[in-house]
Amino acid sequence: MRDDTETPRRGLRRLPGDPPRREILARMVRVNQAGEYAAMRIHQGQLAVLGSRSGGAVLKEMTSRGEEHLRTFDRIMVERRVRPTLLQPLWHVLGFALGAGTAFLGEKAAMACTVALGEVIEEQLAGQVEALGADEPALRETIERHREDENGLRDIGLANGATQHPAYPILSAAIRTGSRMAAWLSTRL
């Protein structure tokens, strides 16, 4: 592993005033874990409302994938000695509320939530892969694998009518904006 004084040839490029390399990596791990945690809470909120209705089976599959992702980033946090975001208690409550709220609007609204979140997460993970370049091959591989899974979850949401909800454009825009803000805060706090 390189220290912060080496000049990278590719990968994590730093400009004057940027956080040290270790902090950049910690922020990546922190926001990924926070995102997976919030996603689990969203799915739990959706399941609490939709239960065993037709969308429930799809949500259970999404929840199962999310549990695996969360375990992975929990493990990476411990291995790299990265603290979780200080906002995790807030994401616990808001994630469940977002999931339950979209589910109250119907199964298609719940799927719209999944699609919007998937788009933000995919964007975030793509940026991390690009930033890592050739650095940190194990972390990059994990992020790439989770990015593929997020694309799959987004596709499931689309296949289950996400865009057919009448409020899809507004719902999607609001969820994407809130998710980007939550991610930015989670990297720093």
# chains A, B, ... in the order shown; residues from 1 in each chain; ligands from 1
call {"tool": "residues_around", "arguments": {"residues": "Ala26 in chain A", "least_positions_apart": "5", "cutoff": "9 Å", "atoms": "only C-alpha atoms", "output": "number ranges by chain"}}
result
A: 21, 31, 77, 80-83, 187
call {"tool": "residues_around", "arguments": {"residues": "Ile24 in chain A", "least_positions_apart": "4", "cutoff": "10 Å", "atoms": "only C-alpha atoms", "output": "list of chain:residue names"}}
result
A:Leu12, A:Arg14, A:Asp18, A:Pro19, A:Pro20, A:Met28, A:Val29, A:Arg30, A:Gln128, A:Ala131, A:Leu132, A:Thr187
call {"tool": "write_last_selection", "arguments": {"atoms": "all heavy atoms", "output": "short mmCIF file (atom, residue, chain, number, x, y, z; two decimals), in the first residue's frame"}}
result
data_model
loop_
_atom_site.label_atom_id
_atom_site.label_comp_id
_atom_site.auth_asym_id
_atom_site.auth_seq_id
_atom_site.Cartn_x
_atom_site.Cartn_y
_atom_site.Cartn_z
N LEU A 12 -6.15 7.03 -7.36
CA LEU A 12 -6.52 8.10 -6.44
C LEU A 12 -5.61 9.30 -6.61
O LEU A 12 -4.57 9.41 -5.97
CB LEU A 12 -6.47 7.60 -5.00
CG LEU A 12 -7.53 6.61 -4.60
CD1 LEU A 12 -7.27 6.08 -3.21
CD2 LEU A 12 -8.89 7.25 -4.67
N ARG A 14 -4.79 13.16 -6.08
CA ARG A 14 -5.13 14.16 -5.08
C ARG A 14 -4.61 15.51 -5.53
O ARG A 14 -3.55 15.62 -6.11
CB ARG A 14 -4.52 13.79 -3.73
CG ARG A 14 -5.09 12.53 -3.14
CD ARG A 14 -4.48 12.16 -1.80
NE ARG A 14 -4.51 13.26 -0.87
CZ ARG A 14 -3.41 13.82 -0.37
NH1 ARG A 14 -2.22 13.40 -0.70
NH2 ARG A 14 -3.51 14.83 0.47
N ASP A 18 -6.92 18.40 -0.84
CA ASP A 18 -7.75 17.20 -0.76
C ASP A 18 -7.41 16.43 0.51
O ASP A 18 -6.30 16.52 1.03
CB ASP A 18 -7.49 16.28 -1.96
CG ASP A 18 -8.15 16.76 -3.24
OD1 ASP A 18 -8.95 17.71 -3.17
OD2 ASP A 18 -7.85 16.19 -4.30
N PRO A 19 -8.37 15.64 0.99
CA PRO A 19 -8.07 14.82 2.17
C PRO A 19 -6.98 13.80 1.84
O PRO A 19 -6.78 13.45 0.67
CB PRO A 19 -9.39 14.11 2.47
CG PRO A 19 -10.39 14.60 1.50
CD PRO A 19 -9.72 15.46 0.50
N PRO A 20 -6.30 13.31 2.86
CA PRO A 20 -5.29 12.27 2.63
C PRO A 20 -5.93 11.02 2.00
O PRO A 20 -7.13 10.77 2.14
CB PRO A 20 -4.77 11.93 4.03
CG PRO A 20 -5.21 13.05 4.90
CD PRO A 20 -6.41 13.66 4.26
N MET A 28 -15.13 6.37 1.04
CA MET A 28 -15.76 5.44 0.11
C MET A 28 -16.43 4.30 0.87
O MET A 28 -17.59 3.96 0.62
CB MET A 28 -14.74 4.86 -0.87
CG MET A 28 -14.30 5.77 -1.94
SD MET A 28 -13.13 4.90 -3.03
CE MET A 28 -12.59 6.25 -4.05
N VAL A 29 -15.68 3.71 1.79
CA VAL A 29 -16.22 2.58 2.56
C VAL A 29 -17.39 3.04 3.41
O VAL A 29 -18.43 2.37 3.47
CB VAL A 29 -15.10 1.94 3.41
CG1 VAL A 29 -15.67 0.90 4.36
CG2 VAL A 29 -14.02 1.33 2.51
N ARG A 30 -17.24 4.19 4.05
CA ARG A 30 -18.29 4.71 4.93
C ARG A 30 -19.60 4.95 4.18
O ARG A 30 -20.67 4.54 4.61
CB ARG A 30 -17.83 6.00 5.60
CG ARG A 30 -18.82 6.60 6.59
CD ARG A 30 -18.29 7.86 7.26
NE ARG A 30 -17.05 7.57 7.93
CZ ARG A 30 -15.86 8.15 7.62
NH1 ARG A 30 -15.80 9.07 6.68
NH2 ARG A 30 -14.78 7.81 8.27
N GLN A 128 -16.43 5.86 -7.85
CA GLN A 128 -15.42 5.26 -6.98
C GLN A 128 -14.48 4.36 -7.78
O GLN A 128 -13.27 4.40 -7.59
CB GLN A 128 -16.08 4.47 -5.86
CG GLN A 128 -16.78 5.34 -4.84
CD GLN A 128 -17.50 4.53 -3.80
OE1 GLN A 128 -17.49 3.30 -3.79
NE2 GLN A 128 -18.16 5.21 -2.87
N ALA A 131 -12.19 6.57 -9.67
CA ALA A 131 -11.22 7.21 -8.77
C ALA A 131 -10.14 6.24 -8.32
O ALA A 131 -8.97 6.61 -8.20
CB ALA A 131 -11.93 7.81 -7.56
N LEU A 132 -10.52 4.99 -8.09
CA LEU A 132 -9.55 4.00 -7.63
C LEU A 132 -8.56 3.62 -8.73
O LEU A 132 -7.40 3.34 -8.45
CB LEU A 132 -10.26 2.74 -7.13
CG LEU A 132 -10.95 2.87 -5.78
CD1 LEU A 132 -11.80 1.64 -5.51
CD2 LEU A 132 -9.96 3.11 -4.66
N THR A 187 -20.36 10.70 3.85
CA THR A 187 -18.92 10.62 3.65
C THR A 187 -18.17 11.47 4.66
O THR A 187 -17.06 11.16 5.05
CB THR A 187 -18.50 11.07 2.23
OG1 THR A 187 -18.85 12.44 2.04
CG2 THR A 187 -19.07 10.19 1.17
#
call {"tool": "atom_distance", "arguments": {"atom1": "CA of Ala39 in chain A", "atom2": "CA of Ala134 in chain A"}}
result
28.5 Å
call {"tool": "residues_around", "arguments": {"residues": "Asp74 in chain A", "least_positions_apart": "5", "cutoff": "9 Å", "atoms": "only C-alpha atoms", "output": "PDB file with N, CA, C and O atoms, in the first residue's frame"}}
result
ATOM      1  N   VAL A  29     -15.682   3.714   1.788  1.00  0.00           N
ATOM      2  CA  VAL A  29     -16.216   2.581   2.556  1.00  0.00           C
ATOM      3  C   VAL A  29     -17.387   3.038   3.412  1.00  0.00           C
ATOM      4  O   VAL A  29     -18.430   2.374   3.473  1.00  0.00           O
ATOM      5  N   GLN A  33     -21.236   1.638   3.046  1.00  0.00           N
ATOM      6  CA  GLN A  33     -21.892   0.940   4.146  1.00  0.00           C
ATOM      7  C   GLN A  33     -23.170   1.670   4.542  1.00  0.00           C
ATOM      8  O   GLN A  33     -24.207   1.042   4.752  1.00  0.00           O
ATOM      9  N   HIS A  69     -24.807  -7.340   0.736  1.00  0.00           N
ATOM     10  CA  HIS A  69     -24.007  -6.135   0.498  1.00  0.00           C
ATOM     11  C   HIS A  69     -23.626  -5.470   1.824  1.00  0.00           C
ATOM     12  O   HIS A  69     -22.485  -5.050   2.005  1.00  0.00           O
ATOM     13  N   GLU A  79     -12.235  -4.333   8.882  1.00  0.00           N
ATOM     14  CA  GLU A  79     -10.879  -4.614   8.402  1.00  0.00           C
ATOM     15  C   GLU A  79     -10.060  -3.341   8.225  1.00  0.00           C
ATOM     16  O   GLU A  79      -8.872  -3.315   8.540  1.00  0.00           O
ATOM     17  N   PRO A  84     -18.413   4.070  11.175  1.00  0.00           N
ATOM     18  CA  PRO A  84     -19.640   4.323  10.414  1.00  0.00           C
ATOM     19  C   PRO A  84     -19.984   5.811  10.467  1.00  0.00           C
ATOM     20  O   PRO A  84     -19.460   6.559  11.293  1.00  0.00           O
TER      21      PRO A  84
END
call {"tool": "atom_distance", "arguments": {"atom1": "CA of Gly106 in chain A", "atom2": "CA of Ser172 in chain A"}}
result
14.3 Å
call {"tool": "residues_around", "arguments": {"residues": "His92 in chain A", "least_positions_apart": "2", "cutoff": "9 Å", "atoms": "only C-alpha atoms", "output": "VMD selection string"}}
result
chain A and resid 37 to 38 41 to 42 87 to 90 94 to 97
call {"tool": "decode", "arguments": {"residues": "range 37-62 of chain A", "atoms": "N, CA and C atoms", "output": "JSON list (two decimals), in the first residue's frame"}}
result
[["chain", "number", "residue", "atom", "x", "y", "z"],
["A", 37, "TYR", "N", -26.91, 0.18, 4.41],
["A", 37, "TYR", "CA", -27.72, 0.17, 5.62],
["A", 37, "TYR", "C", -29.08, 0.85, 5.37],
["A", 38, "ALA", "N", -29.04, 2.02, 4.74],
["A", 38, "ALA", "CA", -30.27, 2.75, 4.45],
["A", 38, "ALA", "C", -31.15, 1.95, 3.50],
["A", 39, "ALA", "N", -30.54, 1.31, 2.50],
["A", 39, "ALA", "CA", -31.32, 0.50, 1.56],
["A", 39, "ALA", "C", -32.03, -0.64, 2.28],
["A", 40, "MET", "N", -31.35, -1.26, 3.24],
["A", 40, "MET", "CA", -31.98, -2.34, 4.01],
["A", 40, "MET", "C", -33.20, -1.80, 4.77],
["A", 41, "ARG", "N", -33.04, -0.64, 5.36],
["A", 41, "ARG", "CA", -34.15, -0.06, 6.12],
["A", 41, "ARG", "C", -35.31, 0.31, 5.18],
["A", 42, "ILE", "N", -34.98, 0.79, 3.99],
["A", 42, "ILE", "CA", -36.02, 1.11, 3.01],
["A", 42, "ILE", "C", -36.79, -0.15, 2.65],
["A", 43, "HIS", "N", -36.07, -1.22, 2.34],
["A", 43, "HIS", "CA", -36.74, -2.49, 2.00],
["A", 43, "HIS", "C", -37.57, -3.00, 3.18],
["A", 44, "GLN", "N", -37.06, -2.85, 4.39],
["A", 44, "GLN", "CA", -37.82, -3.29, 5.57],
["A", 44, "GLN", "C", -39.11, -2.49, 5.71],
["A", 45, "GLY", "N", -39.04, -1.18, 5.45],
["A", 45, "GLY", "CA", -40.24, -0.35, 5.50],
["A", 45, "GLY", "C", -41.24, -0.74, 4.43],
["A", 46, "GLN", "N", -40.73, -1.04, 3.24],
["A", 46, "GLN", "CA", -41.62, -1.46, 2.16],
["A", 46, "GLN", "C", -42.27, -2.80, 2.48],
["A", 47, "LEU", "N", -41.49, -3.72, 3.01],
["A", 47, "LEU", "CA", -42.05, -5.03, 3.37],
["A", 47, "LEU", "C", -43.08, -4.92, 4.50],
["A", 48, "ALA", "N", -42.85, -4.00, 5.43],
["A", 48, "ALA", "CA", -43.80, -3.83, 6.53],
["A", 48, "ALA", "C", -45.17, -3.41, 6.01],
["A", 49, "VAL", "N", -45.19, -2.64, 4.93],
["A", 49, "VAL", "CA", -46.46, -2.18, 4.37],
["A", 49, "VAL", "C", -47.02, -3.17, 3.36],
["A", 50, "LEU", "N", -46.17, -3.64, 2.45],
["A", 50, "LEU", "CA", -46.66, -4.50, 1.37],
["A", 50, "LEU", "C", -46.79, -5.96, 1.78],
["A", 51, "GLY", "N", -46.01, -6.37, 2.78],
["A", 51, "GLY", "CA", -46.10, -7.74, 3.27],
["A", 51, "GLY", "C", -45.96, -8.77, 2.18],
["A", 52, "SER", "N", -46.92, -9.64, 2.08],
["A", 52, "SER", "CA", -46.84, -10.76, 1.14],
["A", 52, "SER", "C", -47.58, -10.49, -0.17],
["A", 53, "ARG", "N", -47.95, -9.25, -0.42],
["A", 53, "ARG", "CA", -48.59, -8.95, -1.71],
["A", 53, "ARG", "C", -47.62, -9.30, -2.83],
["A", 54, "SER", "N", -48.04, -9.14, -4.05],
["A", 54, "SER", "CA", -47.22, -9.57, -5.20],
["A", 54, "SER", "C", -45.84, -8.93, -5.18],
["A", 55, "GLY", "N", -45.73, -7.69, -4.78],
["A", 55, "GLY", "CA", -44.43, -7.03, -4.73],
["A", 55, "GLY", "C", -43.57, -7.52, -3.57],
["A", 56, "GLY", "N", -44.18, -8.19, -2.62],
["A", 56, "GLY", "CA", -43.44, -8.66, -1.45],
["A", 56, "GLY", "C", -42.35, -9.65, -1.79],
["A", 57, "ALA", "N", -42.63, -10.55, -2.72],
["A", 57, "ALA", "CA", -41.62, -11.55, -3.11],
["A", 57, "ALA", "C", -40.41, -10.87, -3.76],
["A", 58, "VAL", "N", -40.67, -9.88, -4.59],
["A", 58, "VAL", "CA", -39.58, -9.14, -5.23],
["A", 58, "VAL", "C", -38.78, -8.39, -4.18],
["A", 59, "LEU", "N", -39.48, -7.77, -3.24],
["A", 59, "LEU", "CA", -38.79, -7.02, -2.18],
["A", 59, "LEU", "C", -37.97, -7.95, -1.30],
["A", 60, "LYS", "N", -38.46, -9.16, -1.06],
["A", 60, "LYS", "CA", -37.68, -10.11, -0.25],
["A", 60, "LYS", "C", -36.39, -10.47, -0.96],
["A", 61, "GLU", "N", -36.44, -10.64, -2.28],
["A", 61, "GLU", "CA", -35.22, -10.92, -3.03],
["A", 61, "GLU", "C", -34.25, -9.73, -2.95],
["A", 62, "MET", "N", -34.78, -8.52, -3.08],
["A", 62, "MET", "CA", -33.94, -7.32, -2.99],
["A", 62, "MET", "C", -33.33, -7.20, -1.60]]
